[in-house]
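model_1.cif, holding mmCIF, C-alpha atoms and all ligand atoms:
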```cif
data_my_file
loop_
_atom_site.label_atom_id
_atom_site.label_comp_id
_atom_site.auth_asym_id
_atom_site.auth_seq_id
_atom_site.Cartn_x
_atom_site.Cartn_y
_atom_site.Cartn_z
CA MET A 1362 0.00 0.00 0.00
CA LEU A 1363 1.29 3.43 -0.93
CA LEU A 1364 1.21 6.09 1.78
CA THR A 1365 0.98 9.76 0.99
CA PRO A 1366 4.13 11.68 2.11
CA ARG A 1367 2.15 13.41 4.86
CA ILE A 1368 0.82 10.19 6.40
CA SER A 1369 4.18 8.48 5.93
CA SER A 1370 6.09 11.26 7.73
CA GLY A 1371 3.49 11.18 10.51
CA ILE A 1372 4.03 7.46 10.96
CA HIS A 1373 7.80 7.91 10.97
CA ARG A 1374 7.51 10.62 13.59
CA LEU A 1375 5.27 8.39 15.71
CA ALA A 1376 7.69 5.47 15.33
CA LEU A 1377 10.65 7.66 16.29
CA THR A 1378 8.81 9.01 19.32
CA GLY A 1379 7.94 5.44 20.27
CA LEU A 1380 11.58 4.35 20.00
CA ILE A 1381 12.79 7.25 22.13
CA MET A 1382 10.15 6.65 24.76
CA ALA A 1383 10.81 2.91 24.74
CA GLY A 1384 14.50 3.67 25.32
CA LEU A 1385 13.60 5.84 28.27
CA ALA A 1386 11.23 3.19 29.55
CA ALA A 1387 13.98 0.56 29.34
CA CYS A 1388 15.87 2.43 32.07
CA ALA A 1389 13.66 1.22 34.89
CA THR A 1390 15.72 2.77 37.62
CA THR A 1391 17.74 5.94 37.97
CA PRO A 1392 21.29 5.34 36.71
CA ILE A 1393 22.75 7.87 39.11
CA SER A 1394 23.00 7.18 42.81
CA LEU A 1395 22.89 10.77 43.98
CA MET A 1396 20.14 9.99 46.43
CA ASP A 1397 22.34 7.31 47.92
CA SER A 1398 25.18 9.76 48.56
CA ARG A 1399 23.23 11.48 51.33
CA PRO A 1400 23.14 9.56 54.59
CA GLY A 1401 19.81 7.94 55.31
CA GLN A 1402 18.01 7.09 58.52
CA SER A 1403 18.69 3.57 59.74
CA LEU A 1404 15.88 1.75 61.52
CA ALA A 1405 16.36 -0.42 64.58
CA ARG A 1406 14.26 -3.56 64.89
CA GLY A 1407 10.64 -2.51 65.60
CA GLU A 1408 11.24 1.09 64.53
CA SER A 1409 9.18 2.84 61.81
CA ALA A 1410 9.51 5.83 59.50
CA GLN A 1411 6.46 7.68 58.18
CA MET A 1412 6.47 9.40 54.80
CA HIS A 1413 4.17 11.11 52.34
CA PHE A 1414 4.61 9.53 48.95
CA PHE A 1415 3.50 11.44 45.82
CA THR A 1416 2.72 9.61 42.58
CA ASN A 1417 4.12 12.44 40.42
CA ILE A 1418 7.68 11.96 41.74
CA SER A 1419 9.62 9.69 39.41
CA ASP A 1420 12.13 8.60 42.08
CA PHE A 1421 10.96 9.17 45.63
CA ASP A 1422 13.74 9.08 48.20
CA THR A 1423 12.33 7.49 51.37
CA GLY A 1424 15.37 8.76 53.30
CA VAL A 1425 15.61 5.36 54.97
CA GLN A 1426 18.80 3.34 54.84
CA LEU A 1427 18.04 -0.39 54.67
CA ALA A 1428 20.32 -3.10 56.05
CA ALA A 1429 21.14 -6.05 53.79
CA GLY A 1430 19.17 -9.15 54.79
CA ALA A 1431 16.90 -7.31 57.22
CA ARG A 1432 13.14 -7.70 56.86
CA TYR A 1433 10.88 -4.68 56.47
CA SER A 1434 7.18 -3.98 56.14
CA LEU A 1435 5.28 -1.33 54.19
CA HIS A 1436 1.87 -0.14 55.29
CA ILE A 1437 0.22 2.04 52.65
CA ARG A 1438 -2.73 4.34 53.27
CA LEU A 1439 -4.01 6.26 50.25
CA LEU A 1440 -4.87 9.81 51.24
CA SER A 1441 -6.32 10.94 47.91
CA ASN A 1442 -7.47 9.36 44.66
CA TRP A 1443 -4.68 8.07 42.48
CA THR A 1444 -5.16 9.08 38.85
CA ASP A 1445 -2.98 8.87 35.77
CA GLY A 1446 -4.21 11.64 33.48
CA SER A 1447 -7.79 10.71 32.57
CA ILE A 1448 -7.46 7.17 33.97
CA THR A 1449 -9.20 7.01 37.32
CA GLU A 1450 -10.12 3.32 37.63
CA ASN A 1451 -8.44 -0.03 37.27
CA GLU A 1452 -9.63 -2.77 34.90
CA SER A 1453 -12.20 -3.93 37.49
CA GLY A 1454 -13.82 -0.50 37.70
CA LEU A 1455 -12.35 0.17 41.15
CA ASP A 1456 -10.31 3.14 42.32
CA ILE A 1457 -6.63 2.87 41.46
CA ASP A 1458 -4.49 1.80 44.39
CA GLU A 1459 -0.88 0.68 44.90
CA ARG A 1460 -1.47 -2.34 42.67
CA GLY A 1461 -2.05 -0.11 39.64
CA PHE A 1462 -4.05 -0.95 36.52
CA ALA A 1463 -3.80 -3.15 33.43
CA ASN A 1464 -2.68 -1.94 30.02
CA SER A 1465 -6.28 -2.47 28.81
CA GLN A 1466 -7.07 0.89 30.46
CA MET A 1467 -4.68 2.66 28.09
CA ALA A 1468 -5.78 4.15 24.77
CA TRP A 1469 -3.46 1.95 22.68
CA PRO A 1470 -2.06 -1.56 23.36
CA TRP A 1471 1.48 -0.57 22.24
CA LEU A 1472 1.76 1.90 25.11
CA ARG A 1473 2.57 -1.07 27.36
CA HIS A 1474 6.16 -0.88 26.06
CA LEU A 1475 6.65 2.52 27.69
CA ARG A 1476 6.32 1.38 31.29
CA ARG A 1477 9.57 1.51 33.25
CA SER A 1478 8.95 -2.08 34.27
CA GLY A 1479 7.25 -4.12 31.57
CA ASN A 1480 6.59 -6.90 34.09
CA HIS A 1481 4.35 -4.83 36.33
CA GLN A 1482 1.05 -2.98 36.10
CA TRP A 1483 0.83 0.68 35.20
CA PHE A 1484 0.92 2.80 38.39
CA GLU A 1485 1.94 -0.19 40.49
CA LEU A 1486 4.03 0.96 43.46
CA MET A 1487 7.63 -0.07 42.78
CA LEU A 1488 10.60 -0.19 45.12
CA TYR A 1489 14.35 -0.40 44.60
CA GLN A 1490 17.64 0.46 46.23
CA PRO A 1491 19.86 2.61 43.97
CA ARG A 1492 22.97 0.88 45.28
CA CYS A 1493 21.76 -2.51 43.97
CA ALA A 1494 19.07 -1.33 41.58
CA GLY A 1495 18.85 -4.42 39.36
CA GLU A 1496 18.47 -7.04 42.10
CA SER A 1497 16.27 -4.95 44.37
CA LEU A 1498 13.70 -3.76 41.81
CA ALA A 1499 10.30 -5.19 42.79
CA GLY A 1500 6.65 -4.36 42.38
CA ILE A 1501 4.31 -4.30 45.34
CA SER A 1502 2.55 -7.33 43.79
CA ASP A 1503 5.79 -9.31 44.18
CA LEU A 1504 5.83 -8.83 47.96
CA GLU A 1505 4.29 -11.02 50.63
CA PHE A 1506 1.03 -9.44 51.85
CA ASP A 1507 -0.38 -10.01 55.33
CA GLU A 1508 -4.11 -9.32 55.42
CA SER A 1509 -4.38 -9.05 59.20
CA SER A 1510 -1.96 -6.11 59.30
CA SER A 1511 -2.61 -4.91 55.71
CA SER A 1512 1.15 -4.79 55.27
CA TYR A 1513 3.61 -5.87 52.60
CA TYR A 1514 6.89 -7.55 53.59
CA PHE A 1515 10.28 -7.67 51.89
CA VAL A 1516 13.95 -8.33 52.63
CA ALA A 1517 16.56 -5.69 51.74
CA ASN A 1518 18.97 -6.76 49.00
CA CYS A 1519 21.88 -4.57 50.09
CA ASP A 1520 22.90 -1.83 52.52
CA GLY A 1521 21.48 1.36 51.03
CA LYS A 1522 18.55 3.68 50.72
CA LEU A 1523 15.10 2.70 49.51
CA ALA A 1524 13.45 4.56 46.64
CA LEU A 1525 9.84 4.31 45.45
CA PHE A 1526 7.93 5.17 42.28
CA VAL A 1527 4.71 4.29 40.52
CA ASN A 1528 5.32 2.36 37.33
CA ASP A 1529 4.90 4.89 34.55
CA SER A 1530 6.89 6.10 31.55
CA TYR A 1531 9.65 8.55 32.51
CA VAL A 1532 8.08 11.35 30.48
CA THR A 1533 4.53 11.17 31.87
CA TYR A 1534 4.88 11.75 35.62
CA ALA A 1535 3.50 15.29 35.35
CA ASN A 1536 -0.09 14.10 34.83
CA ASN A 1537 -0.09 11.85 37.91
CA ALA A 1538 -2.17 12.80 40.91
CA GLY A 1539 -2.55 11.25 44.32
CA TYR A 1540 -0.48 10.58 47.38
CA ALA A 1541 -0.28 8.16 50.26
CA ASN A 1542 1.00 7.89 53.77
CA ILE A 1543 3.52 5.07 53.95
CA ALA A 1544 4.89 3.53 57.12
CA LEU A 1545 8.16 1.69 56.55
CA SER A 1546 9.10 -0.52 59.50
CA ARG A 1547 11.99 -2.81 60.26
CA VAL A 1548 10.54 -6.14 61.35
CA GLU A 1549 13.67 -8.17 62.04
CA CA B 1 1.34 9.46 34.03
#
```
Rendering of file as structure tokens:
Amino acid sequence: MLLTPRISSGIHRLALTGLIMAGLAACATTPISLMDSRPGQSLARGESAQMHFFTNISDFDTGVQLAAGARYSLHIRLLSNWTDGSITENESGLDIDERGFANSQMAWPWLRHLRRSGNHQWFELMLYQPRCAGESLAGISDLEFDESSSSYYFVANCDGKLALFVNDSYVTYANNAGYANIALSRVE
């Protein structure tokens, strides 16, 4: 099929934009460890840190220094509706929470390639430690969840700070709304 020059250039532009965005999306975690250069707060066993997490921050520094092999819990309380641009519900018609939403909520199927982590839902709360970014990257859905305490549990991969973000493309954090109170506790 022959394409008129106008349509053809439009497609090329779209493809180029897609490639650039996919490249950005491939970098799931921040390559620099600037946030790790500032000393963080270490938690003793049984101690907690409270923080206000905002979904429009692409790399949220919790300010907490984790200890390799120690076990921690996250208790998340949404304080306002989480929305990604015009998307206000997950695929089940429920409010978006820390588990995010499926790609079926997006306008086009190919947009799934732009998520920072292709293995997790859009807007899913993600965690990683910049000092061992590859090994520590996890989605909230990967963690053990205890219903009685409504808390998620994980073990730190290395000594170093914990960072959080919702799974989005790097260039579309500005249209995110919503925040949560998060309690990060050292369990053992
Ligand atoms: Ca967004």
Excluding A:Arg1547 and its own-chain neighbours fewer than 5 positions away, which residues fall within 10 Å of it when counting all atoms listed in the file? Please give them as a compact mmCIF listing (two decimals) with C-alpha atoms, keeping the file's coordinate frame.
```txt
# COMPACT_ATOMS: atom_id res chain seq x y z
CA SER A 1403 18.69 3.57 59.74
CA LEU A 1404 15.88 1.75 61.52
CA ALA A 1405 16.36 -0.42 64.58
CA ARG A 1406 14.26 -3.56 64.89
CA GLY A 1407 10.64 -2.51 65.60
CA GLU A 1408 11.24 1.09 64.53
CA SER A 1409 9.18 2.84 61.81
CA ALA A 1410 9.51 5.83 59.50
CA LEU A 1427 18.04 -0.39 54.67
CA ALA A 1428 20.32 -3.10 56.05
CA ALA A 1431 16.90 -7.31 57.22
CA ARG A 1432 13.14 -7.70 56.86
CA TYR A 1433 10.88 -4.68 56.47
CA SER A 1434 7.18 -3.98 56.14
CA LEU A 1435 5.28 -1.33 54.19
CA TYR A 1514 6.89 -7.55 53.59
CA PHE A 1515 10.28 -7.67 51.89
CA VAL A 1516 13.95 -8.33 52.63
```
Output the neighbourhood of ligand CA 1 (chain B) as a PDB file with C-alpha atoms, in the frame of the given file, that is, all protein and nucleic acid residues with some atom at most 8 Å from the ligand, counting all atoms listed in the file.
```pdb
ATOM      1  CA  ASN A1417       4.120  12.440  40.420  1.00  0.00           C
ATOM      2  CA  ASP A1445      -2.980   8.870  35.770  1.00  0.00           C
ATOM      3  CA  GLY A1446      -4.210  11.640  33.480  1.00  0.00           C
ATOM      4  CA  PHE A1484       0.920   2.800  38.390  1.00  0.00           C
ATOM      5  CA  ASP A1529       4.900   4.890  34.550  1.00  0.00           C
ATOM      6  CA  SER A1530       6.890   6.100  31.550  1.00  0.00           C
ATOM      7  CA  VAL A1532       8.080  11.350  30.480  1.00  0.00           C
ATOM      8  CA  THR A1533       4.530  11.170  31.870  1.00  0.00           C
ATOM      9  CA  TYR A1534       4.880  11.750  35.620  1.00  0.00           C
ATOM     10  CA  ALA A1535       3.500  15.290  35.350  1.00  0.00           C
ATOM     11  CA  ASN A1536      -0.090  14.100  34.830  1.00  0.00           C
ATOM     12  CA  ASN A1537      -0.090  11.850  37.910  1.00  0.00           C
TER      13      ASN A1537
END
```
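A straight line drawn from atom CA of A:His1481 to atom CA of A:Thr1416 is 15.8 Å long.
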Open item on the list: Can you measure atom CA of A:Ile1448 to atom CA of A:Ala1463 for me? One decimal in Å is fine.
Closed with: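 Those two atoms sit 11.0 Å apart.
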Would you compute, for all listed atoms of stretch 1532-1544 of chain A, the axis-aligned bounding box grown by 3 Å on each side, and then report its centre and edge lengths in Å rounded to one decimal, as lines of an AutoDock Vina configuration file?
```
center_x = 2.8
center_y = 9.4
center_z = 43.8
size_x = 16.6
size_y = 17.8
size_z = 32.6
```
Task: Residues within 12 Å of A:Asn1528, only C-alpha atoms, excluding chain neighbours under 2 positions, as number ranges by chain - done: A: 1386-1390, 1416-1420, 1445, 1459-1464, 1473-1489, 1498-1502, 1525-1526, 1530-1534, 1537
Task: Two-atom distance - atom CA of A:Leu1523, atom CA of A:Pro1491 (Å) - done: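 Atom CA of A:Pro1491 lies at a distance of 7.3 Å from atom CA of A:Leu1523.
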Task: Of the listed residues A:Asp1503, A:Asp1456, A:Asp1520, A:Glu1496, that which approaches A:Gly1539 most closely, counting all atoms listed in the file - done: A:Asp1456
- [ ] Counting only C-alpha atoms, figure out which residue out of A:Ser1510, A:Ala1468, A:Thr1423, A:Lys1522 gets nearest to A:Cys1493.
- [x]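 Checking each candidate against A:Cys1493, we get A:Lys1522 as the closest.
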Within 7 Å of A:His1436, counting only C-alpha atoms, which residues show up once you throw out same-chain ones fewer than 6 positions away? Write them as a PDB file with C-alpha atoms, keeping the file's coordinate frame, please.
```pdb
ATOM      1  CA  SER A1511      -2.610  -4.910  55.710  1.00  0.00           C
ATOM      2  CA  SER A1512       1.150  -4.790  55.270  1.00  0.00           C
ATOM      3  CA  TYR A1513       3.610  -5.870  52.600  1.00  0.00           C
ATOM      4  CA  ILE A1543       3.520   5.070  53.950  1.00  0.00           C
ATOM      5  CA  ALA A1544       4.890   3.530  57.120  1.00  0.00           C
ATOM      6  CA  LEU A1545       8.160   1.690  56.550  1.00  0.00           C
TER       7      LEU A1545
END
```
Open item on the list: Could you check the closest approach to A:Val1425 for each of A:Ser1497, A:Gln1466, A:Gln1490, A:Ser1453 and tell me which residue wins, using all atoms listed in the file?
Closed with: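 When distances to A:Val1425 are compared using all atoms listed in the file, the smallest one comes from A:Gln1490.
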Task: Among the residues A:Asp1458, A:Glu1508, A:Glu1450, A:Gln1411, the one that comes closest to A:Val1527 [using all atoms listed in the file] - done: A:Asp1458
